[in-house]
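Visitor: Below is the file query.cif, with mmCIF, N, CA and C atoms.
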```cif
data_structure
#
loop_
_atom_site.label_atom_id
_atom_site.label_comp_id
_atom_site.auth_asym_id
_atom_site.auth_seq_id
_atom_site.Cartn_x
_atom_site.Cartn_y
_atom_site.Cartn_z
N MET L 274 132.10 -13.07 -49.76
CA MET L 274 131.84 -14.48 -49.52
C MET L 274 133.14 -15.26 -49.33
N LEU L 275 134.14 -14.98 -50.20
CA LEU L 275 135.42 -15.68 -50.07
C LEU L 275 136.12 -15.34 -48.78
N ARG L 276 136.00 -14.08 -48.34
CA ARG L 276 136.62 -13.68 -47.07
C ARG L 276 136.00 -14.45 -45.91
N GLN L 277 134.69 -14.60 -45.94
CA GLN L 277 134.01 -15.33 -44.87
C GLN L 277 134.44 -16.80 -44.86
N LEU L 278 134.53 -17.39 -46.04
CA LEU L 278 134.95 -18.78 -46.13
C LEU L 278 136.39 -18.94 -45.67
N ALA L 279 137.26 -18.02 -46.06
CA ALA L 279 138.65 -18.08 -45.63
C ALA L 279 138.75 -17.94 -44.11
N THR L 280 137.95 -17.05 -43.52
CA THR L 280 137.95 -16.88 -42.07
C THR L 280 137.49 -18.17 -41.39
N LEU L 281 136.45 -18.79 -41.91
CA LEU L 281 135.98 -20.05 -41.33
C LEU L 281 137.04 -21.13 -41.42
N LEU L 282 137.74 -21.19 -42.55
CA LEU L 282 138.79 -22.19 -42.71
C LEU L 282 139.90 -21.97 -41.71
N LEU L 283 140.25 -20.72 -41.47
CA LEU L 283 141.33 -20.44 -40.52
C LEU L 283 140.92 -20.71 -39.09
N LEU L 284 139.69 -20.36 -38.74
CA LEU L 284 139.26 -20.48 -37.36
C LEU L 284 138.80 -21.88 -36.98
N SER L 285 138.30 -22.62 -37.94
CA SER L 285 137.82 -23.97 -37.59
C SER L 285 138.07 -24.95 -38.72
N PRO L 286 139.36 -25.22 -39.03
CA PRO L 286 139.64 -26.11 -40.15
C PRO L 286 139.13 -27.54 -39.95
N VAL L 287 139.05 -28.00 -38.73
CA VAL L 287 138.63 -29.37 -38.49
C VAL L 287 137.15 -29.56 -38.81
N THR L 288 136.32 -28.57 -38.50
CA THR L 288 134.89 -28.73 -38.72
C THR L 288 134.52 -28.68 -40.19
N LEU L 289 135.35 -28.07 -41.01
CA LEU L 289 135.03 -27.99 -42.43
C LEU L 289 135.66 -29.10 -43.26
N MET L 290 136.54 -29.87 -42.64
CA MET L 290 137.21 -30.95 -43.35
C MET L 290 136.27 -32.13 -43.48
N PRO L 291 136.36 -32.87 -44.59
CA PRO L 291 135.56 -34.08 -44.69
C PRO L 291 136.01 -35.07 -43.61
N VAL L 292 135.09 -35.93 -43.21
CA VAL L 292 135.43 -36.93 -42.22
C VAL L 292 136.50 -37.83 -42.82
N GLN L 293 137.57 -38.03 -42.05
CA GLN L 293 138.68 -38.81 -42.56
C GLN L 293 138.91 -40.03 -41.68
N ALA L 294 139.14 -41.15 -42.30
CA ALA L 294 139.48 -42.34 -41.54
C ALA L 294 140.91 -42.20 -41.02
N HIS L 295 141.80 -41.75 -41.87
CA HIS L 295 143.20 -41.59 -41.50
C HIS L 295 143.80 -40.47 -42.35
N GLN L 296 144.68 -39.70 -41.73
CA GLN L 296 145.41 -38.70 -42.50
C GLN L 296 146.63 -39.37 -43.11
N ILE L 297 147.19 -38.70 -44.13
CA ILE L 297 148.40 -39.21 -44.76
C ILE L 297 149.59 -38.46 -44.19
N GLU L 298 150.64 -39.20 -43.91
CA GLU L 298 151.90 -38.63 -43.45
C GLU L 298 152.98 -39.04 -44.43
N SER L 299 153.69 -38.06 -44.97
CA SER L 299 154.70 -38.33 -46.00
C SER L 299 156.03 -37.73 -45.60
N ALA L 300 157.09 -38.33 -46.11
CA ALA L 300 158.44 -37.84 -45.84
C ALA L 300 159.32 -38.13 -47.05
N LEU L 301 160.36 -37.33 -47.20
CA LEU L 301 161.34 -37.53 -48.26
C LEU L 301 162.68 -37.87 -47.65
N SER L 302 163.40 -38.77 -48.32
CA SER L 302 164.76 -39.10 -47.87
C SER L 302 165.55 -39.59 -49.09
N TYR L 303 166.85 -39.53 -48.95
CA TYR L 303 167.72 -40.06 -50.00
C TYR L 303 168.16 -41.45 -49.60
N LEU L 304 168.02 -42.39 -50.52
CA LEU L 304 168.45 -43.76 -50.32
C LEU L 304 169.38 -44.12 -51.47
N ASP L 305 170.64 -44.34 -51.17
CA ASP L 305 171.65 -44.63 -52.20
C ASP L 305 171.66 -43.57 -53.29
N GLY L 306 171.50 -42.31 -52.90
CA GLY L 306 171.57 -41.20 -53.85
C GLY L 306 170.27 -40.93 -54.60
N THR L 307 169.23 -41.69 -54.35
CA THR L 307 167.94 -41.51 -55.01
C THR L 307 166.93 -40.93 -54.03
N LEU L 308 166.22 -39.89 -54.47
CA LEU L 308 165.19 -39.28 -53.63
C LEU L 308 163.98 -40.20 -53.58
N GLU L 309 163.54 -40.53 -52.37
CA GLU L 309 162.41 -41.44 -52.19
C GLU L 309 161.35 -40.81 -51.30
N LEU L 310 160.12 -40.89 -51.75
CA LEU L 310 158.97 -40.47 -50.97
C LEU L 310 158.44 -41.70 -50.24
N SER L 311 158.16 -41.55 -48.97
CA SER L 311 157.55 -42.61 -48.18
C SER L 311 156.27 -42.03 -47.61
N SER L 312 155.15 -42.72 -47.83
CA SER L 312 153.86 -42.19 -47.43
C SER L 312 153.01 -43.28 -46.80
N SER L 313 152.38 -42.92 -45.67
CA SER L 313 151.51 -43.89 -44.99
C SER L 313 150.36 -43.15 -44.31
N PHE L 314 149.33 -43.90 -44.01
CA PHE L 314 148.22 -43.35 -43.24
C PHE L 314 148.68 -43.23 -41.78
N SER L 315 147.96 -42.46 -41.00
CA SER L 315 148.34 -42.23 -39.61
C SER L 315 148.34 -43.51 -38.78
N ASN L 316 147.67 -44.56 -39.26
CA ASN L 316 147.67 -45.84 -38.54
C ASN L 316 148.85 -46.72 -38.95
N GLY L 317 149.73 -46.19 -39.83
CA GLY L 317 150.93 -46.92 -40.27
C GLY L 317 150.76 -47.69 -41.56
N GLU L 318 149.53 -47.84 -42.02
CA GLU L 318 149.28 -48.57 -43.28
C GLU L 318 149.82 -47.75 -44.45
N PRO L 319 150.57 -48.37 -45.37
CA PRO L 319 151.12 -47.62 -46.51
C PRO L 319 150.01 -47.11 -47.44
N THR L 320 150.26 -45.97 -48.06
CA THR L 320 149.31 -45.41 -49.02
C THR L 320 149.58 -46.02 -50.39
N LYS L 321 149.04 -47.18 -50.62
CA LYS L 321 149.24 -47.93 -51.87
C LYS L 321 148.55 -47.22 -53.02
N GLY L 322 149.28 -47.01 -54.11
CA GLY L 322 148.69 -46.44 -55.32
C GLY L 322 148.34 -44.97 -55.26
N ALA L 323 148.86 -44.24 -54.27
CA ALA L 323 148.57 -42.80 -54.18
C ALA L 323 149.24 -42.06 -55.34
N VAL L 324 148.51 -41.15 -55.96
CA VAL L 324 149.06 -40.35 -57.05
C VAL L 324 149.92 -39.25 -56.44
N VAL L 325 151.14 -39.14 -56.95
CA VAL L 325 152.06 -38.10 -56.49
C VAL L 325 152.28 -37.14 -57.65
N ARG L 326 151.99 -35.84 -57.39
CA ARG L 326 152.09 -34.86 -58.47
C ARG L 326 152.61 -33.54 -57.94
N LEU L 327 153.16 -32.76 -58.85
CA LEU L 327 153.50 -31.38 -58.53
C LEU L 327 152.25 -30.54 -58.73
N LEU L 328 152.14 -29.47 -57.98
CA LEU L 328 151.02 -28.54 -58.16
C LEU L 328 151.52 -27.32 -58.91
N ASN L 329 150.68 -26.81 -59.79
CA ASN L 329 150.99 -25.56 -60.49
C ASN L 329 150.91 -24.40 -59.50
N ALA L 330 151.43 -23.25 -59.90
CA ALA L 330 151.44 -22.07 -59.02
C ALA L 330 150.04 -21.68 -58.58
N ASP L 331 149.02 -21.96 -59.41
CA ASP L 331 147.64 -21.61 -59.05
C ASP L 331 146.96 -22.68 -58.21
N GLY L 332 147.70 -23.74 -57.85
CA GLY L 332 147.14 -24.80 -57.01
C GLY L 332 146.52 -25.94 -57.78
N SER L 333 146.44 -25.81 -59.09
CA SER L 333 145.85 -26.89 -59.90
C SER L 333 146.87 -28.02 -60.06
N ALA L 334 146.35 -29.19 -60.44
CA ALA L 334 147.21 -30.36 -60.62
C ALA L 334 148.20 -30.12 -61.74
N GLY L 335 149.44 -30.45 -61.47
CA GLY L 335 150.50 -30.30 -62.45
C GLY L 335 151.01 -31.66 -62.90
N LYS L 336 152.31 -31.73 -63.12
CA LYS L 336 152.94 -32.95 -63.63
C LYS L 336 152.82 -34.10 -62.63
N GLU L 337 152.31 -35.23 -63.12
CA GLU L 337 152.23 -36.42 -62.29
C GLU L 337 153.59 -37.10 -62.27
N LEU L 338 154.09 -37.39 -61.07
CA LEU L 338 155.41 -37.99 -60.92
C LEU L 338 155.35 -39.51 -60.79
N GLY L 339 154.16 -40.05 -60.53
CA GLY L 339 154.01 -41.49 -60.41
C GLY L 339 153.03 -41.86 -59.31
N ARG L 340 153.01 -43.14 -58.97
CA ARG L 340 152.14 -43.65 -57.91
C ARG L 340 152.99 -44.43 -56.91
N THR L 341 152.57 -44.36 -55.65
CA THR L 341 153.29 -45.11 -54.63
C THR L 341 153.07 -46.61 -54.84
N ASP L 342 154.08 -47.38 -54.45
CA ASP L 342 153.99 -48.83 -54.60
C ASP L 342 153.25 -49.44 -53.39
N ALA L 343 153.24 -50.75 -53.29
CA ALA L 343 152.51 -51.45 -52.23
C ALA L 343 153.02 -51.10 -50.83
N SER L 344 154.27 -50.61 -50.76
CA SER L 344 154.82 -50.23 -49.45
C SER L 344 154.72 -48.72 -49.22
N GLY L 345 153.99 -48.00 -50.10
CA GLY L 345 153.79 -46.56 -49.94
C GLY L 345 154.99 -45.73 -50.34
N LYS L 346 155.86 -46.27 -51.18
CA LYS L 346 157.08 -45.58 -51.58
C LYS L 346 157.09 -45.26 -53.06
N LEU L 347 157.81 -44.20 -53.40
CA LEU L 347 157.99 -43.82 -54.80
C LEU L 347 159.33 -43.13 -54.94
N LYS L 348 160.13 -43.59 -55.90
CA LYS L 348 161.40 -42.93 -56.20
C LYS L 348 161.09 -41.74 -57.09
N LEU L 349 161.61 -40.56 -56.73
CA LEU L 349 161.31 -39.33 -57.45
C LEU L 349 162.51 -38.87 -58.26
N ASP L 350 162.23 -38.47 -59.49
CA ASP L 350 163.25 -37.87 -60.35
C ASP L 350 162.82 -36.43 -60.59
N LEU L 351 163.51 -35.49 -59.97
CA LEU L 351 163.18 -34.08 -60.11
C LEU L 351 164.15 -33.35 -61.04
N SER L 352 164.89 -34.10 -61.84
CA SER L 352 165.89 -33.47 -62.72
C SER L 352 165.26 -32.53 -63.74
N GLY L 353 164.02 -32.75 -64.12
CA GLY L 353 163.35 -31.88 -65.10
C GLY L 353 162.55 -30.75 -64.47
N VAL L 354 162.61 -30.62 -63.14
CA VAL L 354 161.83 -29.60 -62.44
C VAL L 354 162.68 -28.34 -62.32
N ASP L 355 162.08 -27.19 -62.64
CA ASP L 355 162.78 -25.91 -62.53
C ASP L 355 163.17 -25.65 -61.08
N ASP L 356 164.31 -24.98 -60.91
CA ASP L 356 164.76 -24.61 -59.58
C ASP L 356 163.76 -23.67 -58.92
N GLY L 357 163.58 -23.79 -57.63
CA GLY L 357 162.67 -22.94 -56.87
C GLY L 357 161.82 -23.77 -55.93
N VAL L 358 160.88 -23.11 -55.28
CA VAL L 358 159.99 -23.77 -54.34
C VAL L 358 158.82 -24.39 -55.11
N VAL L 359 158.57 -25.66 -54.86
CA VAL L 359 157.46 -26.36 -55.50
C VAL L 359 156.61 -27.04 -54.45
N ASP L 360 155.36 -27.28 -54.79
CA ASP L 360 154.43 -27.99 -53.92
C ASP L 360 154.16 -29.37 -54.51
N LEU L 361 154.24 -30.36 -53.65
CA LEU L 361 154.02 -31.75 -54.03
C LEU L 361 152.76 -32.23 -53.33
N GLN L 362 151.90 -32.92 -54.07
CA GLN L 362 150.68 -33.46 -53.49
C GLN L 362 150.73 -34.98 -53.55
N VAL L 363 150.41 -35.61 -52.42
CA VAL L 363 150.25 -37.06 -52.36
C VAL L 363 148.75 -37.28 -52.22
N ASP L 364 148.14 -37.87 -53.24
CA ASP L 364 146.69 -38.01 -53.30
C ASP L 364 146.30 -39.47 -53.14
N GLY L 365 145.86 -39.80 -51.92
CA GLY L 365 145.44 -41.17 -51.63
C GLY L 365 143.94 -41.37 -51.76
N GLY L 366 143.25 -40.44 -52.43
CA GLY L 366 141.81 -40.54 -52.61
C GLY L 366 141.09 -39.47 -51.80
N PRO L 367 139.77 -39.38 -51.94
CA PRO L 367 139.00 -38.34 -51.27
C PRO L 367 139.27 -38.28 -49.76
N GLY L 368 139.64 -37.09 -49.30
CA GLY L 368 139.91 -36.88 -47.89
C GLY L 368 141.25 -37.39 -47.42
N HIS L 369 142.06 -37.92 -48.33
CA HIS L 369 143.36 -38.49 -47.98
C HIS L 369 144.45 -37.87 -48.84
N ARG L 370 144.88 -36.67 -48.46
CA ARG L 370 145.91 -35.98 -49.21
C ARG L 370 146.95 -35.40 -48.27
N ASP L 371 148.16 -35.33 -48.77
CA ASP L 371 149.23 -34.67 -48.03
C ASP L 371 149.90 -33.71 -49.00
N TYR L 372 150.40 -32.61 -48.47
CA TYR L 372 151.05 -31.58 -49.27
C TYR L 372 152.41 -31.29 -48.69
N LEU L 373 153.42 -31.30 -49.53
CA LEU L 373 154.78 -30.98 -49.10
C LEU L 373 155.29 -29.81 -49.93
N GLU L 374 155.90 -28.86 -49.25
CA GLU L 374 156.53 -27.73 -49.94
C GLU L 374 158.04 -27.95 -49.84
N MET L 375 158.72 -27.84 -50.99
CA MET L 375 160.16 -28.10 -50.99
C MET L 375 160.87 -27.22 -51.99
N ARG L 376 162.12 -26.94 -51.71
CA ARG L 376 162.95 -26.15 -52.63
C ARG L 376 163.78 -27.12 -53.46
N VAL L 377 163.65 -27.00 -54.79
CA VAL L 377 164.41 -27.83 -55.72
C VAL L 377 165.58 -27.00 -56.23
N ASN L 378 166.77 -27.60 -56.19
CA ASN L 378 167.96 -26.94 -56.70
C ASN L 378 168.76 -27.98 -57.49
N ASP L 379 168.85 -27.78 -58.80
CA ASP L 379 169.53 -28.74 -59.69
C ASP L 379 168.97 -30.15 -59.54
N GLY L 380 167.64 -30.27 -59.40
CA GLY L 380 166.99 -31.56 -59.33
C GLY L 380 167.09 -32.24 -57.97
N GLU L 381 167.66 -31.54 -56.99
CA GLU L 381 167.82 -32.12 -55.67
C GLU L 381 167.05 -31.32 -54.62
N VAL L 382 166.74 -32.00 -53.52
CA VAL L 382 165.96 -31.41 -52.42
C VAL L 382 166.70 -31.69 -51.12
N ASN L 383 166.63 -30.74 -50.19
CA ASN L 383 167.13 -30.99 -48.85
C ASN L 383 165.95 -31.52 -48.04
N PRO L 384 165.90 -32.84 -47.76
CA PRO L 384 164.74 -33.40 -47.04
C PRO L 384 164.49 -32.75 -45.68
N GLU L 385 165.53 -32.22 -45.06
CA GLU L 385 165.37 -31.58 -43.75
C GLU L 385 164.58 -30.27 -43.86
N ALA L 386 164.55 -29.67 -45.06
CA ALA L 386 163.90 -28.37 -45.24
C ALA L 386 162.49 -28.50 -45.83
N VAL L 387 162.01 -29.71 -46.02
CA VAL L 387 160.67 -29.92 -46.58
C VAL L 387 159.63 -29.58 -45.52
N VAL L 388 158.59 -28.84 -45.94
CA VAL L 388 157.54 -28.41 -45.03
C VAL L 388 156.24 -29.10 -45.42
N SER L 389 155.58 -29.69 -44.43
CA SER L 389 154.26 -30.28 -44.66
C SER L 389 153.23 -29.18 -44.47
N LEU L 390 152.38 -28.99 -45.46
CA LEU L 390 151.40 -27.91 -45.43
C LEU L 390 150.05 -28.39 -44.93
N PRO L 391 149.45 -27.66 -43.98
CA PRO L 391 148.08 -28.01 -43.56
C PRO L 391 147.12 -27.79 -44.73
N VAL L 392 146.15 -28.65 -44.86
CA VAL L 392 145.18 -28.57 -45.96
C VAL L 392 144.46 -27.22 -45.95
N SER L 393 144.18 -26.67 -44.77
CA SER L 393 143.45 -25.40 -44.70
C SER L 393 144.22 -24.29 -45.41
N LEU L 394 145.56 -24.27 -45.29
CA LEU L 394 146.34 -23.24 -45.98
C LEU L 394 146.32 -23.45 -47.49
N VAL L 395 146.35 -24.70 -47.91
CA VAL L 395 146.28 -24.99 -49.35
C VAL L 395 144.94 -24.51 -49.90
N LEU L 396 143.84 -24.78 -49.18
CA LEU L 396 142.52 -24.36 -49.63
C LEU L 396 142.42 -22.84 -49.71
N ILE L 397 142.97 -22.13 -48.73
CA ILE L 397 142.95 -20.67 -48.76
C ILE L 397 143.74 -20.16 -49.96
N GLY L 398 144.88 -20.79 -50.23
CA GLY L 398 145.67 -20.40 -51.41
C GLY L 398 144.89 -20.58 -52.69
N LEU L 399 144.12 -21.67 -52.78
CA LEU L 399 143.29 -21.89 -53.96
C LEU L 399 142.20 -20.83 -54.08
N LEU L 400 141.58 -20.46 -52.95
CA LEU L 400 140.54 -19.43 -52.97
C LEU L 400 141.10 -18.09 -53.42
N VAL L 401 142.27 -17.73 -52.93
CA VAL L 401 142.90 -16.48 -53.32
C VAL L 401 143.23 -16.51 -54.80
N SER L 402 143.73 -17.64 -55.28
CA SER L 402 144.07 -17.78 -56.69
C SER L 402 142.84 -17.64 -57.58
N VAL L 403 141.74 -18.29 -57.19
CA VAL L 403 140.50 -18.21 -57.97
C VAL L 403 139.99 -16.78 -57.97
N ARG L 404 140.02 -16.13 -56.81
CA ARG L 404 139.54 -14.74 -56.71
C ARG L 404 140.40 -13.82 -57.60
N ARG L 405 141.73 -14.04 -57.58
CA ARG L 405 142.62 -13.23 -58.40
C ARG L 405 142.30 -13.39 -59.88
N ARG L 406 142.03 -14.64 -60.31
CA ARG L 406 141.70 -14.88 -61.72
C ARG L 406 140.38 -14.24 -62.09
N ILE L 407 139.40 -14.27 -61.19
CA ILE L 407 138.10 -13.63 -61.45
C ILE L 407 138.30 -12.13 -61.60
N ASP L 408 139.07 -11.53 -60.68
CA ASP L 408 139.34 -10.09 -60.75
C ASP L 408 140.06 -9.72 -62.04
N GLU L 409 141.03 -10.55 -62.47
CA GLU L 409 141.76 -10.28 -63.72
C GLU L 409 140.82 -10.37 -64.91
N ASP L 410 139.91 -11.36 -64.90
CA ASP L 410 138.95 -11.50 -66.00
C ASP L 410 138.02 -10.28 -66.07
N ILE L 411 137.60 -9.79 -64.91
CA ILE L 411 136.74 -8.60 -64.87
C ILE L 411 137.49 -7.40 -65.42
N ASP L 412 138.74 -7.22 -64.99
CA ASP L 412 139.56 -6.11 -65.48
C ASP L 412 139.75 -6.18 -66.99
N ASP L 413 140.06 -7.39 -67.50
CA ASP L 413 140.24 -7.56 -68.94
C ASP L 413 138.97 -7.20 -69.70
N HIS L 414 137.84 -7.65 -69.18
CA HIS L 414 136.55 -7.37 -69.82
C HIS L 414 136.27 -5.87 -69.83
N GLN L 415 136.56 -5.17 -68.72
CA GLN L 415 136.31 -3.74 -68.64
C GLN L 415 137.23 -2.96 -69.57
N HIS L 416 138.46 -3.42 -69.75
CA HIS L 416 139.39 -2.73 -70.62
C HIS L 416 139.03 -2.89 -72.10
N ARG L 417 138.37 -3.98 -72.43
CA ARG L 417 137.98 -4.22 -73.82
C ARG L 417 136.79 -3.37 -74.23
N GLN L 418 136.04 -2.88 -73.26
CA GLN L 418 134.82 -2.11 -73.59
C GLN L 418 135.12 -0.67 -73.82
#
```
So, in terms of structure tokens, how does the structure I just supplied come out?
Guide:
Amino acid sequence: MLRQLATLLLLSPVTLMPVQAHQIESALSYLDGTLELSSSFSNGEPTKGAVVRLLNADGSAGKELGRTDASGKLKLDLSGVDDGVVDLQVDGGPGHRDYLEMRVNDGEVNPEAVVSLPVSLVLIGLLVSVRRRIDEDIDDHQHRQ
């Protein structure tokens, strides 16, 4: 079942997506030495009050970094984030999300190397993660018997 769903997501991501009024477009830049997220809908309207969070390795919601202001901006402090590749989610409400993949090194990011992830790939990653956890639970149960 998961394979069929993953295939459908890959072959026709638009038909399985909820109807969206506008997609979110986000970017990172340094302003006076501070990392700033700028996020807006595809029509240019800022994403006011969007929740910005890191995602855990399994795709679940992680540490909340804050909310965008009235102009769709948020200053980010990544000094407490472990070095490595992390996924950032900008959540502007149902059907309005953006995902950025970035490498953090000593609390800093190279904005030129940030990758915007298509939602279909994020959903497939979640399906694989859920399937892996189910398989691990089955294995654990079988080993206990």
Visitor: Applied to the shown file, which residues does the PyMOL selection byres (((chain L and resi 359 and name CA) around 10) and name CA) return, written as a ChimeraX atom specification?
Guide: /L:327-330,354-358,360-361,373-377
Visitor: Let me see the file: selected residues, N, CA and C atoms, as a short mmCIF file (atom, residue, chain, number, x, y, z; two decimals), in the coordinates of the input.
Guide:
```cif
data_model
loop_
_atom_site.label_atom_id
_atom_site.label_comp_id
_atom_site.auth_asym_id
_atom_site.auth_seq_id
_atom_site.Cartn_x
_atom_site.Cartn_y
_atom_site.Cartn_z
N LEU L 327 153.16 -32.76 -58.85
CA LEU L 327 153.50 -31.38 -58.53
C LEU L 327 152.25 -30.54 -58.73
N LEU L 328 152.14 -29.47 -57.98
CA LEU L 328 151.02 -28.54 -58.16
C LEU L 328 151.52 -27.32 -58.91
N ASN L 329 150.68 -26.81 -59.79
CA ASN L 329 150.99 -25.56 -60.49
C ASN L 329 150.91 -24.40 -59.50
N ALA L 330 151.43 -23.25 -59.90
CA ALA L 330 151.44 -22.07 -59.02
C ALA L 330 150.04 -21.68 -58.58
N VAL L 354 162.61 -30.62 -63.14
CA VAL L 354 161.83 -29.60 -62.44
C VAL L 354 162.68 -28.34 -62.32
N ASP L 355 162.08 -27.19 -62.64
CA ASP L 355 162.78 -25.91 -62.53
C ASP L 355 163.17 -25.65 -61.08
N ASP L 356 164.31 -24.98 -60.91
CA ASP L 356 164.76 -24.61 -59.58
C ASP L 356 163.76 -23.67 -58.92
N GLY L 357 163.58 -23.79 -57.63
CA GLY L 357 162.67 -22.94 -56.87
C GLY L 357 161.82 -23.77 -55.93
N VAL L 358 160.88 -23.11 -55.28
CA VAL L 358 159.99 -23.77 -54.34
C VAL L 358 158.82 -24.39 -55.11
N ASP L 360 155.36 -27.28 -54.79
CA ASP L 360 154.43 -27.99 -53.92
C ASP L 360 154.16 -29.37 -54.51
N LEU L 361 154.24 -30.36 -53.65
CA LEU L 361 154.02 -31.75 -54.03
C LEU L 361 152.76 -32.23 -53.33
N LEU L 373 153.42 -31.30 -49.53
CA LEU L 373 154.78 -30.98 -49.10
C LEU L 373 155.29 -29.81 -49.93
N GLU L 374 155.90 -28.86 -49.25
CA GLU L 374 156.53 -27.73 -49.94
C GLU L 374 158.04 -27.95 -49.84
N MET L 375 158.72 -27.84 -50.99
CA MET L 375 160.16 -28.10 -50.99
C MET L 375 160.87 -27.22 -51.99
N ARG L 376 162.12 -26.94 -51.71
CA ARG L 376 162.95 -26.15 -52.63
C ARG L 376 163.78 -27.12 -53.46
N VAL L 377 163.65 -27.00 -54.79
CA VAL L 377 164.41 -27.83 -55.72
C VAL L 377 165.58 -27.00 -56.23
#
```
Visitor: List the spatial neighbours of Leu301 in chain L as a PyMOL selection string - criterion: any atom at most 7 Å away, only N, CA and C atoms, same-chain residues fewer than 4 positions off excluded.
Guide: chain L and resi 308-311+384-385
Visitor: Any idea what the distance is between atom C of Gly353 in chain L and atom C of Asp379 in chain L?
Guide: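 Those two atoms sit 8.1 Å apart.
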Visitor: Quick one: distance from CA of Asn378 in chain L to CA of Phe314 in chain L in Å, one decimal?
Guide: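 Between these atoms lies a distance of 29.0 Å.
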Visitor: Step by step, work through what the PyMOL selection byres ((chain L and resi 337) around 7) selects in the shown file, and finish by giving those residues as a short mmCIF file (atom, residue, chain, number, x, y, z; two decimals) with N, CA and C atoms, in the coordinates of the input.
Guide:
```cif
data_model
loop_
_atom_site.label_atom_id
_atom_site.label_comp_id
_atom_site.auth_asym_id
_atom_site.auth_seq_id
_atom_site.Cartn_x
_atom_site.Cartn_y
_atom_site.Cartn_z
N VAL L 324 148.51 -41.15 -55.96
CA VAL L 324 149.06 -40.35 -57.05
C VAL L 324 149.92 -39.25 -56.44
N VAL L 325 151.14 -39.14 -56.95
CA VAL L 325 152.06 -38.10 -56.49
C VAL L 325 152.28 -37.14 -57.65
N ARG L 326 151.99 -35.84 -57.39
CA ARG L 326 152.09 -34.86 -58.47
C ARG L 326 152.61 -33.54 -57.94
N LEU L 327 153.16 -32.76 -58.85
CA LEU L 327 153.50 -31.38 -58.53
C LEU L 327 152.25 -30.54 -58.73
N ALA L 334 146.35 -29.19 -60.44
CA ALA L 334 147.21 -30.36 -60.62
C ALA L 334 148.20 -30.12 -61.74
N GLY L 335 149.44 -30.45 -61.47
CA GLY L 335 150.50 -30.30 -62.45
C GLY L 335 151.01 -31.66 -62.90
N LYS L 336 152.31 -31.73 -63.12
CA LYS L 336 152.94 -32.95 -63.63
C LYS L 336 152.82 -34.10 -62.63
N LEU L 338 154.09 -37.39 -61.07
CA LEU L 338 155.41 -37.99 -60.92
C LEU L 338 155.35 -39.51 -60.79
N GLY L 339 154.16 -40.05 -60.53
CA GLY L 339 154.01 -41.49 -60.41
C GLY L 339 153.03 -41.86 -59.31
N ARG L 340 153.01 -43.14 -58.97
CA ARG L 340 152.14 -43.65 -57.91
C ARG L 340 152.99 -44.43 -56.91
#
```
Visitor: Just how far from atom C of Tyr303 in chain L is atom C of Gly368 in chain L, in Å to one decimal?
Guide: 27.3 Å
